[in-house]
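Novice: Before I ask anything, here is the structure I am working with.
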Amino acid sequence: MNKKVEKIIIQTIDEEKPKTIHQLVEILEPKLSMEKDEIMEIILQLKRDGKVEYLNEMTLEEKQSFSSFLNTRAARWYWITLLLIALTVVAVFTINEQSIFVFIRISLGFVFVVVIPGYSLIRAILPKRFSKSGKTQIDQLTGFLLGIVLSIGIVSMVGLVLDYSDWGVNLNSLVFSLSILTGAFATIAIAQEYQRANDFASYS
Amino acid sequence: MGKLNLWSKTTVFNLILAANIFCLFYTVATTSIWQIDPSEFGLASLLPLPFYVGLFLLGCLWYIGLKKQFYLQASFVLTIVYLFVVPTIVRGPVWISNSYYPFGESLIINSTGHLRGLESTTFIDYHYWPLFLYFSSALTIITDIPHEVLLKLFPLISVSMYGLFTFLILKIRLSTQYAAVGGAFFLSCLFIRQQYYGPQSISYLFFLAIFLIAAILFFDEKVKQRGLIGILVILFLITTFMHPLSSFMSIILLLAFFLTNRFVKKESSINLGIFLLIAAIAWLAYNNFVAEPFVNTAVEHFSEIISGLRGLNLYGESNRIVGSPAMRFNFMSSWAIVGLAGFIGLLSIIQNVRKFITKRFNVNYEILNVMLLILLGLFAFLGEYGDSEGYQRAFMFGLVPLSFLCVSFLSRKPKVLILILAVLMFLNIPAQYGSDTFRLATNSQLSGTKFIADFAPDEVILVGGFSIYLRYHNPFINYTILDVGLRPPFREPPNATAVAEALIEENYIMISRIEDNYNMFYLGFDPYSEIPFKDFNRIYDNGDFILYKP
């Protein structure tokens, strides 16, 4: 971390004695000419490293519980993902090739195989930052394309593992494995986002 | 006055856009192609005039819309639609027919639940690098999608993603507008038909994803590294299990990053060096232990080259015979694309090397692309892949850096840049679709090969081309296709008498309209014309596909 920035932060804490990290960021913004979420990252890193004693005592506004976080708009994608998984499971076991509704199975199945697994994994690996600007580590288009590529990879690897298992590659084993795996990635991602949402409570 | 100009530009753009879309609909509504006569220039001569008018208008849209985001988006989408979507819609059968052979192998998994334990018949069945087969199997099992729909439409998703990945890679250094032009430049140069549904097209996506992540890691300092490095490792491993050339090219790509970082940026590259070393060891270990016959064949092949027993295929290309006007047109347009992009790329390389030497500019990203092109150029001139496609693949993998260098070089002369883009779009049609006379998976070829797959005895010996559908219809059929000297690259015309003698001894002979078209394209004549087929037993005949037994 930039020593100069660190020094300015410590100096500001000593002089201004802000009550919350949010206040500290507001004071630092004009001094550092950096974006708020970047300043927040640096402060949280200092806090995690335990470098500034005063920071450890500072509170981060009111914390949300995990269940209340799941009811917020930020968790909507998680429920949509789970819903899509559930709908796909229903569609693949109830709609066959001859049905006039086969396009529903094709559409849902396509999203289930080619989009959702990688999308969830990307969110788990690169959790969305919570800030006023809504900035993420990579832009949406990059995340979407990488999600598709990773979906192809995940599905392929699941097939490889199933081939070497007694189950083999079939409809039941594929749907079961992909549902569990995608659900797990999504849950890890939402847990991380909850963690970050609390870290950035004053911004969300 | 400024407002009036802006209004005028908007109106002009909207008018051209409307005319362009009209041309698009006209083409789709009036054109339906199920097979192509050998006298045609592939699809290029069957597309109606409004298609080419639309293509011209698209060039105008690129020029007018260069400064507005919506216009850029519209032009980008229309480029994909004109170069790839419309040709797919107007042709009835699956294009290109190669999609059937890797797909056919994935049907083994659908029917038995397993691939392991099955013997590989050839390298191109991809049992040694099976990830695509698992993906394809999962996709068909879960969606129950009709095979023709999947084989026709999935390549459109792949090619659209190629364009978008290129846009993102270029956007790291260029402005949004020139990155978008770069994406279109890439698509216009992409004529080598590798986007068919198979491991090579999917793993090319992985290559581009690796390129993008590596570029973000090394040239975008705002991004945190840990998560992206994890994704990079996952992508490389999957590519290694999926396609040997793409993973090899990924190593070359990482080597270019390493060299740039170490010798141009002059930054510590220990971590990247270690990663590169591990990636190379992983690639070698996987291919040596899992795909041993592939490695043995490659070693044998290159030993023959080094000992002088065999020449590099590239240097025999100039001796190819030109059989038909369609082939001449197809080759000329292909080489025109390579020549045009290559020439501008070369000028850009010279300019950037001069800038680097004078040290007055920061050209790290440019030098990375130059470095990558040099490494791929070495592969093109000294490497071999398949019958004669090493240099084609090098061109394909080098298209992103080439597009970047060309667009950045011409970014100060947008008129010239857009003119060249428009020329490339026009050249793309005959270069990509000029040989369509034999590239469509026609119904007659499918039903003829289905008959063989269903009724021929196991380990049957066949003569004739376009047998790729056999294992699609019956993934367990073992067959041998006898080489009677009718496989490209043709450097001398086949001897009709020798062909006739070879045929008489064999079990079954497949004669089809597609194969006639193929021979007419490459040779300009039908080498089967002297064969007394009247004396043979006609086992099967659907009009365009006949099976004989001597």
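We name chains A, B, ... following the order of the structure tokens; residues begin at 1 in each chain, and ligands are numbered from 1 as shown.
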Using only C-alpha atoms and a cut-off of 7 Å, which residues of chain A sit close to chain B? Please list them as a list in words.

Specialist: Val92, Glu97, Arg105, Ile106, Gly109, Phe110, Val113, Ile125, Leu126, Gln137, Leu146, Val149, Ile152, Gly153, Val155, Ser156, Met157, Gly159, Leu160, Asp163, Gly168, Val169, Asn170, Leu171 and Leu174 of chain A

Novice: Taking only region 6-146 of chain A into account, list the residues labelled alpha helix (DSSP H) by DSSP (computed from the backbone), as number ranges by chain.

Specialist: A: 6-16, 21-32, 36-49, 53-57, 66-70, 76-94, 102-114, 116-125, 140-146

Novice: For Tyr469 (chain B), please output as a count of residues only all residues within 10 Å (counting only C-alpha atoms; exclusion window: fewer than 5 positions along the same chain).

Specialist: 19

Novice: Might you pull out every residue within 6 Å of region 180-191 of chain B, with only C-alpha atoms counted and same-chain residues fewer than 3 positions away left off, and present them as number ranges by chain?

Specialist: B: 163, 166-167, 177, 403, 407, 421, 424-425, 428, 431-432

Novice: I'd like the neighbourhood of region 73-89 of chain B as JSON, numbers by chain, where a residue qualifies if any of its atoms comes within 7 Å (using only C-alpha atoms), though same-chain residues fewer than 5 positions away should be ignored.

Specialist: {"B": [28, 58, 61, 62, 156, 160, 180, 184]}

Novice: Excluding Ala186 (chain A) and residues on its chain fewer than 3 positions from it, collect all residues at most 10 Å away from it, counting only C-alpha atoms, and give them as a ChimeraX atom specification.

Specialist: /A:77-79,81-82,116-124,180-183,189-192

Novice: Rounded to one decimal, what separation in Å do you get between CA of Arg173 (chain B) and CA of Arg393 (chain B)?

Specialist: 25.1 Å

Novice: Would you mind reading off the distance between CA of Ile514 (chain B) and CA of Phe438 (chain B), one decimal, in Å?

Specialist: 5.0 Å

Novice: Report, in Å to a single decimal, how far apart CA of Gly377 (chain B) and CA of Ala298 (chain B) are.

Specialist: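 Here the two named atoms are 19.5 Å from each other.
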
Novice: Tell me, as number ranges by chain, which residues lie within 10 Å of Leu17 (chain B), counting only C-alpha atoms; anything in the same chain fewer than 3 positions away does not count.

Specialist: B: 11-14, 20-23, 54, 57-58, 60-61, 71, 74-75, 78

Novice: What does the file look like for those residues with N, CA and C atoms, as a PDB file, in the first residue's frame?

Specialist:
ATOM      1  N   THR B  11     -29.981  11.839 -38.724  1.00  0.00           N
ATOM      2  CA  THR B  11     -30.968  11.483 -39.747  1.00  0.00           C
ATOM      3  C   THR B  11     -30.352  10.584 -40.801  1.00  0.00           C
ATOM      4  N   VAL B  12     -29.162  10.976 -41.241  1.00  0.00           N
ATOM      5  CA  VAL B  12     -28.485  10.173 -42.270  1.00  0.00           C
ATOM      6  C   VAL B  12     -28.229   8.765 -41.742  1.00  0.00           C
ATOM      7  N   PHE B  13     -27.759   8.694 -40.501  1.00  0.00           N
ATOM      8  CA  PHE B  13     -27.471   7.378 -39.928  1.00  0.00           C
ATOM      9  C   PHE B  13     -28.744   6.532 -39.883  1.00  0.00           C
ATOM     10  N   ASN B  14     -29.833   7.148 -39.405  1.00  0.00           N
ATOM     11  CA  ASN B  14     -31.083   6.390 -39.280  1.00  0.00           C
ATOM     12  C   ASN B  14     -31.599   5.933 -40.637  1.00  0.00           C
ATOM     13  N   ASN B  20     -30.350  -0.412 -44.617  1.00  0.00           N
ATOM     14  CA  ASN B  20     -29.514  -1.583 -44.342  1.00  0.00           C
ATOM     15  C   ASN B  20     -30.361  -2.755 -43.839  1.00  0.00           C
ATOM     16  N   ILE B  21     -31.256  -2.455 -42.911  1.00  0.00           N
ATOM     17  CA  ILE B  21     -32.107  -3.502 -42.346  1.00  0.00           C
ATOM     18  C   ILE B  21     -33.071  -4.033 -43.413  1.00  0.00           C
ATOM     19  N   PHE B  22     -33.527  -3.132 -44.292  1.00  0.00           N
ATOM     20  CA  PHE B  22     -34.391  -3.577 -45.392  1.00  0.00           C
ATOM     21  C   PHE B  22     -33.631  -4.589 -46.268  1.00  0.00           C
ATOM     22  N   CYS B  23     -32.374  -4.268 -46.602  1.00  0.00           N
ATOM     23  CA  CYS B  23     -31.557  -5.173 -47.428  1.00  0.00           C
ATOM     24  C   CYS B  23     -31.411  -6.536 -46.746  1.00  0.00           C
ATOM     25  N   GLY B  54     -26.320  -3.801 -48.850  1.00  0.00           N
ATOM     26  CA  GLY B  54     -26.370  -3.701 -47.386  1.00  0.00           C
ATOM     27  C   GLY B  54     -24.977  -3.681 -46.785  1.00  0.00           C
ATOM     28  N   LEU B  57     -23.598  -0.328 -47.319  1.00  0.00           N
ATOM     29  CA  LEU B  57     -24.213   0.610 -46.365  1.00  0.00           C
ATOM     30  C   LEU B  57     -23.654   0.416 -44.957  1.00  0.00           C
ATOM     31  N   LEU B  58     -23.301  -0.819 -44.650  1.00  0.00           N
ATOM     32  CA  LEU B  58     -22.712  -1.087 -43.329  1.00  0.00           C
ATOM     33  C   LEU B  58     -21.384  -0.341 -43.175  1.00  0.00           C
ATOM     34  N   CYS B  60     -20.740   2.442 -44.585  1.00  0.00           N
ATOM     35  CA  CYS B  60     -21.131   3.850 -44.359  1.00  0.00           C
ATOM     36  C   CYS B  60     -21.539   4.054 -42.898  1.00  0.00           C
ATOM     37  N   LEU B  61     -22.266   3.085 -42.361  1.00  0.00           N
ATOM     38  CA  LEU B  61     -22.701   3.198 -40.955  1.00  0.00           C
ATOM     39  C   LEU B  61     -21.500   3.282 -40.023  1.00  0.00           C
ATOM     40  N   TYR B  71     -24.632   4.062 -32.189  1.00  0.00           N
ATOM     41  CA  TYR B  71     -24.310   3.772 -33.589  1.00  0.00           C
ATOM     42  C   TYR B  71     -23.248   2.675 -33.677  1.00  0.00           C
ATOM     43  N   ALA B  74     -24.828  -0.601 -32.914  1.00  0.00           N
ATOM     44  CA  ALA B  74     -25.638  -1.062 -34.050  1.00  0.00           C
ATOM     45  C   ALA B  74     -24.736  -1.576 -35.174  1.00  0.00           C
ATOM     46  N   SER B  75     -23.670  -0.852 -35.466  1.00  0.00           N
ATOM     47  CA  SER B  75     -22.758  -1.263 -36.550  1.00  0.00           C
ATOM     48  C   SER B  75     -22.085  -2.588 -36.206  1.00  0.00           C
ATOM     49  N   LEU B  78     -24.603  -5.380 -36.563  1.00  0.00           N
ATOM     50  CA  LEU B  78     -24.893  -5.620 -37.987  1.00  0.00           C
ATOM     51  C   LEU B  78     -23.727  -6.313 -38.700  1.00  0.00           C
TER      52      LEU B  78
END
